[in-house]
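Text of model_8.pdb (PDB, C-alpha atoms, pLDDT in the B column) as supplied:
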```
ATOM      1  CA  MET A 839       6.544 -35.061  15.207  1.00 89.00           C
ATOM      2  CA  GLU A 840       9.111 -37.720  14.405  1.00 96.00           C
ATOM      3  CA  GLN A 841      11.573 -37.344  11.547  1.00 96.00           C
ATOM      4  CA  ALA A 842      10.201 -40.436   9.779  1.00 97.00           C
ATOM      5  CA  GLN A 843       6.714 -38.909   9.659  1.00 98.00           C
ATOM      6  CA  ILE A 844       8.114 -35.616   8.360  1.00 98.00           C
ATOM      7  CA  GLU A 845       9.958 -37.494   5.613  1.00 98.00           C
ATOM      8  CA  THR A 846       6.778 -39.370   4.695  1.00 98.00           C
ATOM      9  CA  ILE A 847       4.932 -36.069   4.326  1.00 99.00           C
ATOM     10  CA  ALA A 848       7.815 -34.718   2.213  1.00 99.00           C
ATOM     11  CA  ARG A 849       7.569 -37.803  -0.027  1.00 99.00           C
ATOM     12  CA  VAL A 850       3.844 -37.207  -0.547  1.00 99.00           C
ATOM     13  CA  CYS A 851       4.420 -33.510  -1.271  1.00 98.00           C
ATOM     14  CA  HIS A 852       7.161 -34.421  -3.744  1.00 98.00           C
ATOM     15  CA  ALA A 853       4.910 -36.945  -5.509  1.00 98.00           C
ATOM     16  CA  ALA A 854       2.070 -34.418  -5.733  1.00 98.00           C
ATOM     17  CA  ASN A 855       4.428 -31.751  -7.084  1.00 97.00           C
ATOM     18  CA  LYS A 856       5.753 -34.235  -9.648  1.00 97.00           C
ATOM     19  CA  ALA A 857       2.222 -35.152 -10.747  1.00 98.00           C
ATOM     20  CA  TRP A 858       1.106 -31.507 -10.927  1.00 97.00           C
ATOM     21  CA  SER A 859       4.191 -30.558 -12.939  1.00 94.00           C
ATOM     22  CA  GLU A 860       3.730 -33.462 -15.344  1.00 96.00           C
ATOM     23  CA  ALA A 861       0.075 -32.537 -15.845  1.00 96.00           C
ATOM     24  CA  GLY A 862       1.365 -29.170 -17.049  1.00 94.00           C
ATOM     25  CA  GLY A 863       3.940 -30.740 -19.369  1.00 94.00           C
ATOM     26  CA  ASP A 864       7.036 -30.525 -17.120  1.00 91.00           C
ATOM     27  CA  MET A 865       8.546 -33.998 -17.125  1.00 92.00           C
ATOM     28  CA  SER A 866      11.773 -33.005 -15.334  1.00 88.00           C
ATOM     29  CA  HIS A 867      10.874 -34.263 -11.857  1.00 92.00           C
ATOM     30  CA  THR A 868      12.182 -37.594 -10.616  1.00 96.00           C
ATOM     31  CA  TYR A 869      10.608 -40.096  -8.254  1.00 98.00           C
ATOM     32  CA  TRP A 870      11.577 -39.584  -4.592  1.00 98.00           C
ATOM     33  CA  ASP A 871      13.933 -42.563  -4.540  1.00 98.00           C
ATOM     34  CA  MET A 872      15.818 -41.162  -7.556  1.00 97.00           C
ATOM     35  CA  THR A 873      15.923 -37.587  -6.260  1.00 96.00           C
ATOM     36  CA  LYS A 874      19.212 -36.130  -5.054  1.00 93.00           C
ATOM     37  CA  GLN A 875      19.531 -35.901  -1.287  1.00 96.00           C
ATOM     38  CA  ALA A 876      19.903 -32.105  -1.371  1.00 92.00           C
ATOM     39  CA  LEU A 877      16.473 -31.794  -3.002  1.00 93.00           C
ATOM     40  CA  LYS A 878      14.942 -34.262  -0.554  1.00 97.00           C
ATOM     41  CA  ASP A 879      16.404 -32.222   2.299  1.00 97.00           C
ATOM     42  CA  SER A 880      14.873 -29.071   0.827  1.00 95.00           C
ATOM     43  CA  ALA A 881      11.441 -30.736   0.756  1.00 97.00           C
ATOM     44  CA  ILE A 882      11.877 -31.916   4.341  1.00 98.00           C
ATOM     45  CA  ARG A 883      12.817 -28.392   5.454  1.00 97.00           C
ATOM     46  CA  GLY A 884       9.721 -27.111   3.643  1.00 97.00           C
ATOM     47  CA  VAL A 885       7.526 -29.565   5.529  1.00 98.00           C
ATOM     48  CA  LYS A 886       9.085 -28.536   8.838  1.00 98.00           C
ATOM     49  CA  PHE A 887       8.501 -24.867   7.996  1.00 98.00           C
ATOM     50  CA  ALA A 888       4.851 -25.542   7.136  1.00 98.00           C
ATOM     51  CA  ILE A 889       4.310 -27.477  10.376  1.00 98.00           C
ATOM     52  CA  GLU A 890       6.005 -24.778  12.465  1.00 97.00           C
ATOM     53  CA  ASN A 891       4.089 -21.984  10.680  1.00 98.00           C
ATOM     54  CA  PRO A 892       0.563 -23.349  10.157  1.00 97.00           C
ATOM     55  CA  ASP A 893      -1.134 -19.975   9.768  1.00 96.00           C
ATOM     56  CA  VAL A 894       1.016 -18.394   7.057  1.00 96.00           C
ATOM     57  CA  GLY A 895      -0.055 -18.281   3.450  1.00 95.00           C
ATOM     58  CA  PRO A 896       1.515 -19.800   0.366  1.00 96.00           C
ATOM     59  CA  GLU A 897       3.473 -16.610  -0.352  1.00 97.00           C
ATOM     60  CA  VAL A 898       5.352 -16.970   2.941  1.00 97.00           C
ATOM     61  CA  GLN A 899       5.969 -20.658   2.183  1.00 97.00           C
ATOM     62  CA  HIS A 900       7.376 -19.669  -1.212  1.00 97.00           C
ATOM     63  CA  ASN A 901       9.608 -17.027   0.370  1.00 97.00           C
ATOM     64  CA  ALA A 902      10.975 -19.618   2.815  1.00 96.00           C
ATOM     65  CA  TRP A 903      11.631 -21.989  -0.100  1.00 96.00           C
ATOM     66  CA  MET A 904      13.451 -19.202  -1.976  1.00 97.00           C
ATOM     67  CA  GLU A 905      15.589 -18.344   1.055  1.00 97.00           C
ATOM     68  CA  ASP A 906      16.504 -22.013   1.429  1.00 95.00           C
ATOM     69  CA  LYS A 907      17.428 -22.334  -2.250  1.00 95.00           C
ATOM     70  CA  ILE A 908      19.487 -19.126  -2.274  1.00 97.00           C
ATOM     71  CA  LYS A 909      21.288 -20.193   0.909  1.00 96.00           C
ATOM     72  CA  ASN A 910      22.219 -23.402  -0.904  1.00 94.00           C
ATOM     73  CA  GLY A 911      23.689 -21.604  -3.920  1.00 96.00           C
ATOM     74  CA  TRP A 912      20.700 -21.455  -6.266  1.00 97.00           C
ATOM     75  CA  THR A 913      19.924 -18.422  -8.438  1.00 98.00           C
ATOM     76  CA  TYR A 914      17.182 -17.389 -10.814  1.00 98.00           C
ATOM     77  CA  GLY A 915      17.404 -18.886 -14.294  1.00 97.00           C
ATOM     78  CA  ALA A 916      14.923 -19.180 -17.134  1.00 95.00           C
ATOM     79  CA  THR A 917      15.187 -22.970 -16.908  1.00 92.00           C
ATOM     80  CA  LYS A 918      15.686 -25.330 -13.995  1.00 90.00           C
ATOM     81  CA  ASN A 919      19.195 -26.777 -13.995  1.00 91.00           C
ATOM     82  CA  GLU A 920      20.344 -28.807 -10.999  1.00 88.00           C
ATOM     83  CA  ILE A 921      24.009 -28.633 -12.022  1.00 92.00           C
ATOM     84  CA  ALA A 922      24.033 -24.852 -12.539  1.00 96.00           C
ATOM     85  CA  LYS A 923      21.598 -24.470  -9.620  1.00 95.00           C
ATOM     86  CA  THR A 924      19.206 -22.227 -11.533  1.00 97.00           C
ATOM     87  CA  HIS A 925      15.442 -22.213 -11.095  1.00 96.00           C
ATOM     88  CA  PRO A 926      12.733 -20.178 -12.864  1.00 95.00           C
ATOM     89  CA  SER A 927      10.602 -19.944  -9.699  1.00 96.00           C
ATOM     90  CA  LEU A 928      13.243 -18.021  -7.757  1.00 98.00           C
ATOM     91  CA  LYS A 929      11.286 -14.799  -8.000  1.00 98.00           C
ATOM     92  CA  PRO A 930       8.562 -13.115  -5.950  1.00 97.00           C
ATOM     93  CA  TYR A 931       5.382 -15.127  -5.486  1.00 97.00           C
ATOM     94  CA  ASP A 932       3.211 -12.526  -7.203  1.00 97.00           C
ATOM     95  CA  GLN A 933       5.368 -12.844 -10.338  1.00 97.00           C
ATOM     96  CA  LEU A 934       4.859 -16.608 -10.612  1.00 97.00           C
ATOM     97  CA  PRO A 935       2.387 -18.065 -13.090  1.00 95.00           C
ATOM     98  CA  GLU A 936      -0.768 -19.408 -11.430  1.00 96.00           C
ATOM     99  CA  ALA A 937       0.307 -23.008 -12.099  1.00 93.00           C
ATOM    100  CA  GLU A 938       3.449 -22.398 -10.015  1.00 93.00           C
ATOM    101  CA  ARG A 939       1.529 -20.685  -7.207  1.00 96.00           C
ATOM    102  CA  VAL A 940      -0.735 -23.711  -6.976  1.00 96.00           C
ATOM    103  CA  LYS A 941       2.312 -25.813  -6.030  1.00 95.00           C
ATOM    104  CA  ASP A 942       2.752 -23.819  -2.809  1.00 95.00           C
ATOM    105  CA  LYS A 943      -0.957 -24.117  -2.000  1.00 96.00           C
ATOM    106  CA  LEU A 944      -0.903 -27.843  -2.717  1.00 97.00           C
ATOM    107  CA  PHE A 945       2.225 -28.341  -0.605  1.00 97.00           C
ATOM    108  CA  ARG A 946       0.680 -26.587   2.394  1.00 97.00           C
ATOM    109  CA  ALA A 947      -2.632 -28.434   2.029  1.00 98.00           C
ATOM    110  CA  ILE A 948      -0.851 -31.793   2.035  1.00 98.00           C
ATOM    111  CA  VAL A 949       1.232 -30.907   5.089  1.00 98.00           C
ATOM    112  CA  LYS A 950      -1.874 -29.709   6.933  1.00 98.00           C
ATOM    113  CA  ALA A 951      -3.808 -32.870   6.062  1.00 98.00           C
ATOM    114  CA  LEU A 952      -1.030 -35.244   7.099  1.00 98.00           C
ATOM    115  CA  SER A 953       0.427 -33.542  10.174  1.00 95.00           C
TER     116      SER A 953
END
```
Could I get this structure in the form of structure tokens?
Amino acid sequence: MEQAQIETIARVCHAANKAWSEAGGDMSHTYWDMTKQALKDSAIRGVKFAIENPDVGPEVQHNAWMEDKIKNGWTYGATKNEIAKTHPSLKPYDQLPEAERVKDKLFRAIVKALS
């Protein structure tokens, strides 16, 4: 799959995540074109992981996301802070609220549908 198609899928995943988060009251997500490159790259890596691992579940996708974040200097924090690189979802999948777990399911469903 070409890089441009992978980026398009990442854009769709990002937009869906933004919409889902806003539906739950989290207005902190930016539109793709306003998102920092490091976060775009993280979404692109997530899409690549999902394409390369089509049969894993959302827990494995979440673990890959966590590994990527930690590798890039992020740590757990009660609130998301891009400057401090803290994120409340940097914890085991089974400890996430259902609304957060849905994000991983939604992400994988979008990648599957578009790849």
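What separates atom CA of A:His867 from atom CA of A:Lys941 is a distance of 13.4 Å.
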If you count all atoms listed in the file, which residues fall within 12 Å of A:Gln899, apart from same-chain ones fewer than 6 positions away, as a PyMOL selection string? chain A and resi 881+883-893+905-906+930-931+939-947+949
Output C-alpha atoms for every residue in the selection just made, as an mmCIF file, keeping the file's coordinate frame.
```cif
data_model
loop_
_atom_site.group_PDB
_atom_site.id
_atom_site.type_symbol
_atom_site.label_atom_id
_atom_site.label_comp_id
_atom_site.auth_asym_id
_atom_site.auth_seq_id
_atom_site.Cartn_x
_atom_site.Cartn_y
_atom_site.Cartn_z
ATOM 1 C CA ALA A 881 11.441 -30.736 0.756
ATOM 2 C CA ARG A 883 12.817 -28.392 5.454
ATOM 3 C CA GLY A 884 9.721 -27.111 3.643
ATOM 4 C CA VAL A 885 7.526 -29.565 5.529
ATOM 5 C CA LYS A 886 9.085 -28.536 8.838
ATOM 6 C CA PHE A 887 8.501 -24.867 7.996
ATOM 7 C CA ALA A 888 4.851 -25.542 7.136
ATOM 8 C CA ILE A 889 4.310 -27.477 10.376
ATOM 9 C CA GLU A 890 6.005 -24.778 12.465
ATOM 10 C CA ASN A 891 4.089 -21.984 10.680
ATOM 11 C CA PRO A 892 0.563 -23.349 10.157
ATOM 12 C CA ASP A 893 -1.134 -19.975 9.768
ATOM 13 C CA GLU A 905 15.589 -18.344 1.055
ATOM 14 C CA ASP A 906 16.504 -22.013 1.429
ATOM 15 C CA PRO A 930 8.562 -13.115 -5.950
ATOM 16 C CA TYR A 931 5.382 -15.127 -5.486
ATOM 17 C CA ARG A 939 1.529 -20.685 -7.207
ATOM 18 C CA VAL A 940 -0.735 -23.711 -6.976
ATOM 19 C CA LYS A 941 2.312 -25.813 -6.030
ATOM 20 C CA ASP A 942 2.752 -23.819 -2.809
ATOM 21 C CA LYS A 943 -0.957 -24.117 -2.000
ATOM 22 C CA LEU A 944 -0.903 -27.843 -2.717
ATOM 23 C CA PHE A 945 2.225 -28.341 -0.605
ATOM 24 C CA ARG A 946 0.680 -26.587 2.394
ATOM 25 C CA ALA A 947 -2.632 -28.434 2.029
ATOM 26 C CA VAL A 949 1.232 -30.907 5.089
#
```
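What separates atom CA of A:Glu845 from atom CA of A:Ala937 is a distance of 24.8 Å.
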Pick from A:Ser859, A:Pro935, A:Lys878, A:Met865, whichever lies nearest to A:Thr846 using all atoms listed in the file: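 Ranking A:Ser859, A:Pro935, A:Lys878, A:Met865 by distance to A:Thr846, first place goes to A:Lys878.
With all atoms listed in the file as the atoms that count, the minimum distance from A:Leu934 to the choices A:Ile882, A:Pro896, A:Asp871, A:Leu952 is reached by A:Pro896.
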Give me, please, the distance in Å between atom CA of A:Lys950 and atom CA of A:Glu938, quoted to one decimal.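 Straight-line distance from atom CA of A:Lys950 to atom CA of A:Glu938 works out to 19.2 Å.
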Please give the centre and size of the box around stretch 879-883 of chain A (axis-aligned, containing every atom listed in the file, 5 Å added per side), with values in Å to one decimal and written as JSON.
```
{"center_x": 13.9, "center_y": -30.3, "center_z": 3.1, "size_x": 15.0, "size_y": 13.8, "size_z": 14.7}
```
Can you list what the PyMOL selection byres ((chain A and resi 852) around 10) grabs from this structure, as JSON, numbers by chain? {"A": [846, 847, 848, 849, 850, 851, 853, 854, 855, 856, 857, 858, 867, 868, 869, 870, 873, 877, 878, 881, 882, 945]}
